[in-house]
Amino acid sequence: MSDDIPMVSRPLVHQLVEYLSPLVHWQTFGIHLPHITNSTIEQIEADHQGTERQKLALYARWLTEYSDATWDHVYDALKKAEQYDLAADLLLVHHSAKQIE
């Protein structure tokens with residue numbers, strides 16, 4: 001992660017839904033988030049029908065179970081899942097928001 005753009009703030013569920021809407025392979029992304037395991041992914045798949053509901057369940061569960069969640073974790077998970085375009089877009093959005101502050 002770039003040193004000049006720290007993303008240490010905690011994301012909200014609706015922000016993850018918005019910024020990660022293009023994400024198709026949510027399982028690959030999710031497994032790279034701290035405190036998310038293969039069994040977590042399997043349980044979400046079993047309990048929720050449809051990709052969008054499954055993604056929402058992943059985000060909600062991650063934020064509920066991992067109190068130290070940050071945008072930096074999201075960025076790192078996107079890179080590990082080889083979702084480079086989404087990772088770059090996330091940096092652009094975050095950098096733009098910092099410029100406005």
# chains A, B, ... in the order shown; residues from 1 in each chain; ligands from 1

call {"tool": "closest_atom_pairs", "arguments": {"of": "segment 28-69 of chain A", "to": "segment 77-80 of chain A", "cutoff": "12 Å", "atoms": "only C-alpha atoms", "output": "CSV"}}
result
residue,atom,partner,partner_atom,distance
A:Thr28,CA,A:Lys80,CA,8.6
A:Phe29,CA,A:Ala77,CA,5.7
A:Gly30,CA,A:Ala77,CA,7.3
A:Ile31,CA,A:Ala77,CA,8.0
A:His32,CA,A:Ala77,CA,4.8
A:Leu33,CA,A:Ala77,CA,5.7
A:Pro34,CA,A:Ala77,CA,8.7
A:His35,CA,A:Ala77,CA,11.9
A:Ile36,CA,A:Ala77,CA,11.0
A:Ala69,CA,A:Ala77,CA,11.6

call {"tool": "write_last_selection", "arguments": {"atoms": "all heavy atoms", "output": "short mmCIF file (atom, residue, chain, number, x, y, z; two decimals), in the first residue's frame"}}
result
data_model
loop_
_atom_site.label_atom_id
_atom_site.label_comp_id
_atom_site.auth_asym_id
_atom_site.auth_seq_id
_atom_site.Cartn_x
_atom_site.Cartn_y
_atom_site.Cartn_z
N THR A 28 -12.76 -15.63 -3.68
CA THR A 28 -11.31 -15.48 -3.74
C THR A 28 -10.87 -14.23 -3.00
O THR A 28 -9.86 -14.23 -2.29
CB THR A 28 -10.85 -15.41 -5.22
OG1 THR A 28 -11.36 -16.55 -5.90
CG2 THR A 28 -9.36 -15.38 -5.33
N PHE A 29 -11.62 -13.16 -3.15
CA PHE A 29 -11.35 -11.94 -2.40
C PHE A 29 -11.53 -12.18 -0.90
O PHE A 29 -10.67 -11.84 -0.09
CB PHE A 29 -12.28 -10.82 -2.89
CG PHE A 29 -12.39 -9.66 -1.95
CD1 PHE A 29 -11.37 -8.74 -1.83
CD2 PHE A 29 -13.54 -9.49 -1.18
CE1 PHE A 29 -11.48 -7.66 -0.95
CE2 PHE A 29 -13.66 -8.42 -0.31
CZ PHE A 29 -12.63 -7.51 -0.20
N GLY A 30 -12.65 -12.77 -0.54
CA GLY A 30 -13.00 -12.96 0.87
C GLY A 30 -12.00 -13.79 1.64
O GLY A 30 -11.72 -13.49 2.81
N ILE A 31 -11.46 -14.79 1.02
CA ILE A 31 -10.53 -15.67 1.72
C ILE A 31 -9.25 -14.93 2.11
O ILE A 31 -8.53 -15.34 3.01
CB ILE A 31 -10.22 -16.94 0.89
CG1 ILE A 31 -9.69 -18.05 1.80
CG2 ILE A 31 -9.25 -16.66 -0.23
CD1 ILE A 31 -10.68 -18.56 2.79
N HIS A 32 -8.99 -13.80 1.46
CA HIS A 32 -7.80 -13.00 1.78
C HIS A 32 -8.07 -11.91 2.82
O HIS A 32 -7.15 -11.18 3.19
CB HIS A 32 -7.23 -12.38 0.50
CG HIS A 32 -6.68 -13.40 -0.44
ND1 HIS A 32 -5.59 -14.19 -0.16
CD2 HIS A 32 -7.10 -13.78 -1.67
CE1 HIS A 32 -5.35 -15.00 -1.17
NE2 HIS A 32 -6.26 -14.77 -2.10
N LEU A 33 -9.31 -11.79 3.28
CA LEU A 33 -9.62 -10.85 4.35
C LEU A 33 -9.24 -11.47 5.70
O LEU A 33 -9.44 -12.68 5.89
CB LEU A 33 -11.11 -10.51 4.36
CG LEU A 33 -11.63 -9.68 3.20
CD1 LEU A 33 -13.16 -9.64 3.23
CD2 LEU A 33 -11.04 -8.27 3.21
N PRO A 34 -8.71 -10.68 6.61
CA PRO A 34 -8.37 -11.22 7.93
C PRO A 34 -9.61 -11.83 8.61
O PRO A 34 -10.69 -11.25 8.55
CB PRO A 34 -7.88 -10.00 8.71
CG PRO A 34 -7.49 -9.00 7.68
CD PRO A 34 -8.36 -9.26 6.50
N HIS A 35 -9.43 -12.97 9.22
CA HIS A 35 -10.45 -13.67 10.00
C HIS A 35 -11.55 -14.32 9.15
O HIS A 35 -12.56 -14.75 9.71
CB HIS A 35 -11.05 -12.77 11.08
CG HIS A 35 -10.09 -12.43 12.16
ND1 HIS A 35 -9.80 -13.27 13.20
CD2 HIS A 35 -9.29 -11.35 12.34
CE1 HIS A 35 -8.89 -12.72 13.98
NE2 HIS A 35 -8.56 -11.55 13.46
N ILE A 36 -11.39 -14.38 7.85
CA ILE A 36 -12.33 -15.10 7.00
C ILE A 36 -11.65 -16.40 6.57
O ILE A 36 -10.52 -16.39 6.09
CB ILE A 36 -12.75 -14.27 5.77
CG1 ILE A 36 -13.49 -13.01 6.19
CG2 ILE A 36 -13.59 -15.10 4.80
CD1 ILE A 36 -14.83 -13.24 6.88
N ALA A 69 -10.91 -4.08 11.12
CA ALA A 69 -11.01 -4.02 9.66
C ALA A 69 -10.73 -2.61 9.15
O ALA A 69 -11.22 -1.62 9.73
CB ALA A 69 -12.40 -4.45 9.22
#

call {"tool": "closest_atom_pairs", "arguments": {"of": "segment 59-101 of chain A", "to": "segment 15-24 of chain A", "cutoff": "10 Å", "atoms": "only C-alpha atoms", "output": "Markdown table"}}
result
| residue | atom | partner | partner_atom | distance |
| --- | --- | --- | --- | --- |
| A:Tyr59 | CA | A:Leu16 | CA | 6.9 |
| A:Ala60 | CA | A:Leu16 | CA | 9.4 |
| A:Trp71 | CA | A:Leu16 | CA | 9.3 |
| A:Val74 | CA | A:Leu16 | CA | 8.8 |
| A:Leu78 | CA | A:Leu23 | CA | 9.3 |
| A:Gln83 | CA | A:Leu23 | CA | 8.1 |
| A:Leu86 | CA | A:Leu20 | CA | 7.3 |
| A:Ala87 | CA | A:Leu20 | CA | 9.5 |
| A:Asp89 | CA | A:Tyr19 | CA | 8.4 |
| A:Leu90 | CA | A:Tyr19 | CA | 7.1 |
| A:Val93 | CA | A:Tyr19 | CA | 8.7 |

call {"tool": "write_last_selection", "arguments": {"atoms": "C-alpha atoms", "output": "PDB file, in the first residue's frame"}}
result
ATOM      1  CA  TYR A  59     -18.921  -7.839   4.173  1.00  0.00           C
ATOM      2  CA  ALA A  60     -21.315  -7.790   7.135  1.00  0.00           C
ATOM      3  CA  TRP A  71      -9.638  -0.175   3.839  1.00  0.00           C
ATOM      4  CA  VAL A  74      -9.655  -4.539   1.520  1.00  0.00           C
ATOM      5  CA  LEU A  78      -8.042  -7.308  -3.751  1.00  0.00           C
ATOM      6  CA  GLN A  83      -8.326  -7.862  -8.696  1.00  0.00           C
ATOM      7  CA  LEU A  86     -10.570  -2.770  -8.395  1.00  0.00           C
ATOM      8  CA  ALA A  87      -7.570  -2.201  -6.122  1.00  0.00           C
ATOM      9  CA  ASP A  89      -9.954   2.150  -8.372  1.00  0.00           C
ATOM     10  CA  LEU A  90     -10.132   1.914  -4.583  1.00  0.00           C
ATOM     11  CA  VAL A  93     -11.533   6.873  -4.746  1.00  0.00           C
TER      12      VAL A  93
END

call {"tool": "closest_residue", "arguments": {"among": "A:His94, A:Ala81, A:Asp47, A:Thr70", "to": "Leu12 of chain A", "atoms": "only C-alpha atoms"}}
result
A:Thr70

call {"tool": "residues_around", "arguments": {"residues": "Glu42 of chain A", "least_positions_apart": "2", "cutoff": "12 Å", "atoms": "only C-alpha atoms", "output": "MDAnalysis selection string"}}
result
chainID A and resid 26:28 30:31 36:40 44:48 54 57:58

call {"tool": "write_last_selection", "arguments": {"atoms": "N, CA and C atoms", "output": "tab-separated table (two decimals), in the first residue's frame"}}
result
chain	number	residue	atom	x	y	z
A	26	TRP	N	-16.09	-13.16	-5.43
A	26	TRP	CA	-16.05	-12.67	-4.06
A	26	TRP	C	-15.39	-13.67	-3.12
A	27	GLN	N	-15.49	-14.96	-3.43
A	27	GLN	CA	-14.90	-15.98	-2.57
A	27	GLN	C	-13.38	-15.84	-2.52
A	28	THR	N	-12.76	-15.63	-3.68
A	28	THR	CA	-11.31	-15.48	-3.74
A	28	THR	C	-10.87	-14.23	-3.00
A	30	GLY	N	-12.65	-12.77	-0.54
A	30	GLY	CA	-13.00	-12.96	0.87
A	30	GLY	C	-12.00	-13.79	1.64
A	31	ILE	N	-11.46	-14.79	1.02
A	31	ILE	CA	-10.53	-15.67	1.72
A	31	ILE	C	-9.25	-14.93	2.11
A	36	ILE	N	-11.39	-14.38	7.85
A	36	ILE	CA	-12.33	-15.10	7.00
A	36	ILE	C	-11.65	-16.40	6.57
A	37	THR	N	-12.34	-17.51	6.77
A	37	THR	CA	-11.78	-18.82	6.46
A	37	THR	C	-12.59	-19.49	5.36
A	38	ASN	N	-12.08	-20.62	4.89
A	38	ASN	CA	-12.83	-21.39	3.89
A	38	ASN	C	-14.19	-21.80	4.44
A	39	SER	N	-14.25	-22.17	5.71
A	39	SER	CA	-15.54	-22.56	6.27
A	39	SER	C	-16.51	-21.38	6.34
A	40	THR	N	-15.99	-20.19	6.55
A	40	THR	CA	-16.83	-18.99	6.53
A	40	THR	C	-17.44	-18.81	5.14
A	44	ILE	N	-21.44	-19.03	4.12
A	44	ILE	CA	-22.13	-17.94	3.42
A	44	ILE	C	-22.79	-18.46	2.14
A	45	GLU	N	-22.09	-19.30	1.39
A	45	GLU	CA	-22.65	-19.86	0.16
A	45	GLU	C	-23.87	-20.72	0.46
A	46	ALA	N	-23.84	-21.46	1.56
A	46	ALA	CA	-24.96	-22.32	1.92
A	46	ALA	C	-26.16	-21.53	2.44
A	47	ASP	N	-25.89	-20.45	3.15
A	47	ASP	CA	-26.96	-19.69	3.81
A	47	ASP	C	-27.60	-18.62	2.94
A	48	HIS	N	-26.94	-18.20	1.87
A	48	HIS	CA	-27.42	-17.07	1.08
A	48	HIS	C	-27.42	-17.42	-0.40
A	54	GLN	N	-24.63	-12.91	-1.18
A	54	GLN	CA	-23.46	-13.55	-0.60
A	54	GLN	C	-22.37	-12.52	-0.32
A	57	ALA	N	-23.38	-10.58	2.72
A	57	ALA	CA	-23.17	-11.40	3.93
A	57	ALA	C	-21.69	-11.46	4.30
A	58	LEU	N	-20.81	-11.56	3.30
A	58	LEU	CA	-19.37	-11.57	3.56
A	58	LEU	C	-18.94	-10.27	4.22

call {"tool": "select_by_dssp", "arguments": {"residues": "segment 47-84 of chain A", "states": "alpha helix (DSSP H)", "output": "ChimeraX atom specification"}}
result
/A:47,51-65,71-80,84

call {"tool": "write_last_selection", "arguments": {"atoms": "C-alpha atoms", "output": "mmCIF file, in the first residue's frame"}}
result
data_model
loop_
_atom_site.group_PDB
_atom_site.id
_atom_site.type_symbol
_atom_site.label_atom_id
_atom_site.label_comp_id
_atom_site.auth_asym_id
_atom_site.auth_seq_id
_atom_site.Cartn_x
_atom_site.Cartn_y
_atom_site.Cartn_z
ATOM 1 C CA ASP A 47 -26.958 -19.694 3.809
ATOM 2 C CA THR A 51 -23.891 -13.398 -5.619
ATOM 3 C CA GLU A 52 -25.030 -9.999 -4.343
ATOM 4 C CA ARG A 53 -26.537 -11.431 -1.164
ATOM 5 C CA GLN A 54 -23.458 -13.550 -0.602
ATOM 6 C CA LYS A 55 -21.175 -10.536 -1.012
ATOM 7 C CA LEU A 56 -23.312 -8.537 1.410
ATOM 8 C CA ALA A 57 -23.169 -11.402 3.926
ATOM 9 C CA LEU A 58 -19.372 -11.566 3.562
ATOM 10 C CA TYR A 59 -18.921 -7.839 4.173
ATOM 11 C CA ALA A 60 -21.315 -7.790 7.135
ATOM 12 C CA ARG A 61 -19.737 -10.835 8.716
ATOM 13 C CA TRP A 62 -16.194 -9.578 8.245
ATOM 14 C CA LEU A 63 -16.978 -6.190 9.771
ATOM 15 C CA THR A 64 -18.864 -7.800 12.648
ATOM 16 C CA GLU A 65 -16.202 -10.357 13.482
ATOM 17 C CA TRP A 71 -9.638 -0.175 3.839
ATOM 18 C CA ASP A 72 -6.023 -1.302 3.743
ATOM 19 C CA HIS A 73 -7.187 -4.884 4.394
ATOM 20 C CA VAL A 74 -9.655 -4.539 1.520
ATOM 21 C CA TYR A 75 -6.922 -3.242 -0.773
ATOM 22 C CA ASP A 76 -4.525 -6.046 0.184
ATOM 23 C CA ALA A 77 -7.214 -8.702 -0.301
ATOM 24 C CA LEU A 78 -8.042 -7.308 -3.751
ATOM 25 C CA LYS A 79 -4.387 -7.463 -4.762
ATOM 26 C CA LYS A 80 -3.969 -11.021 -3.441
ATOM 27 C CA TYR A 84 -5.835 -5.188 -9.694
#
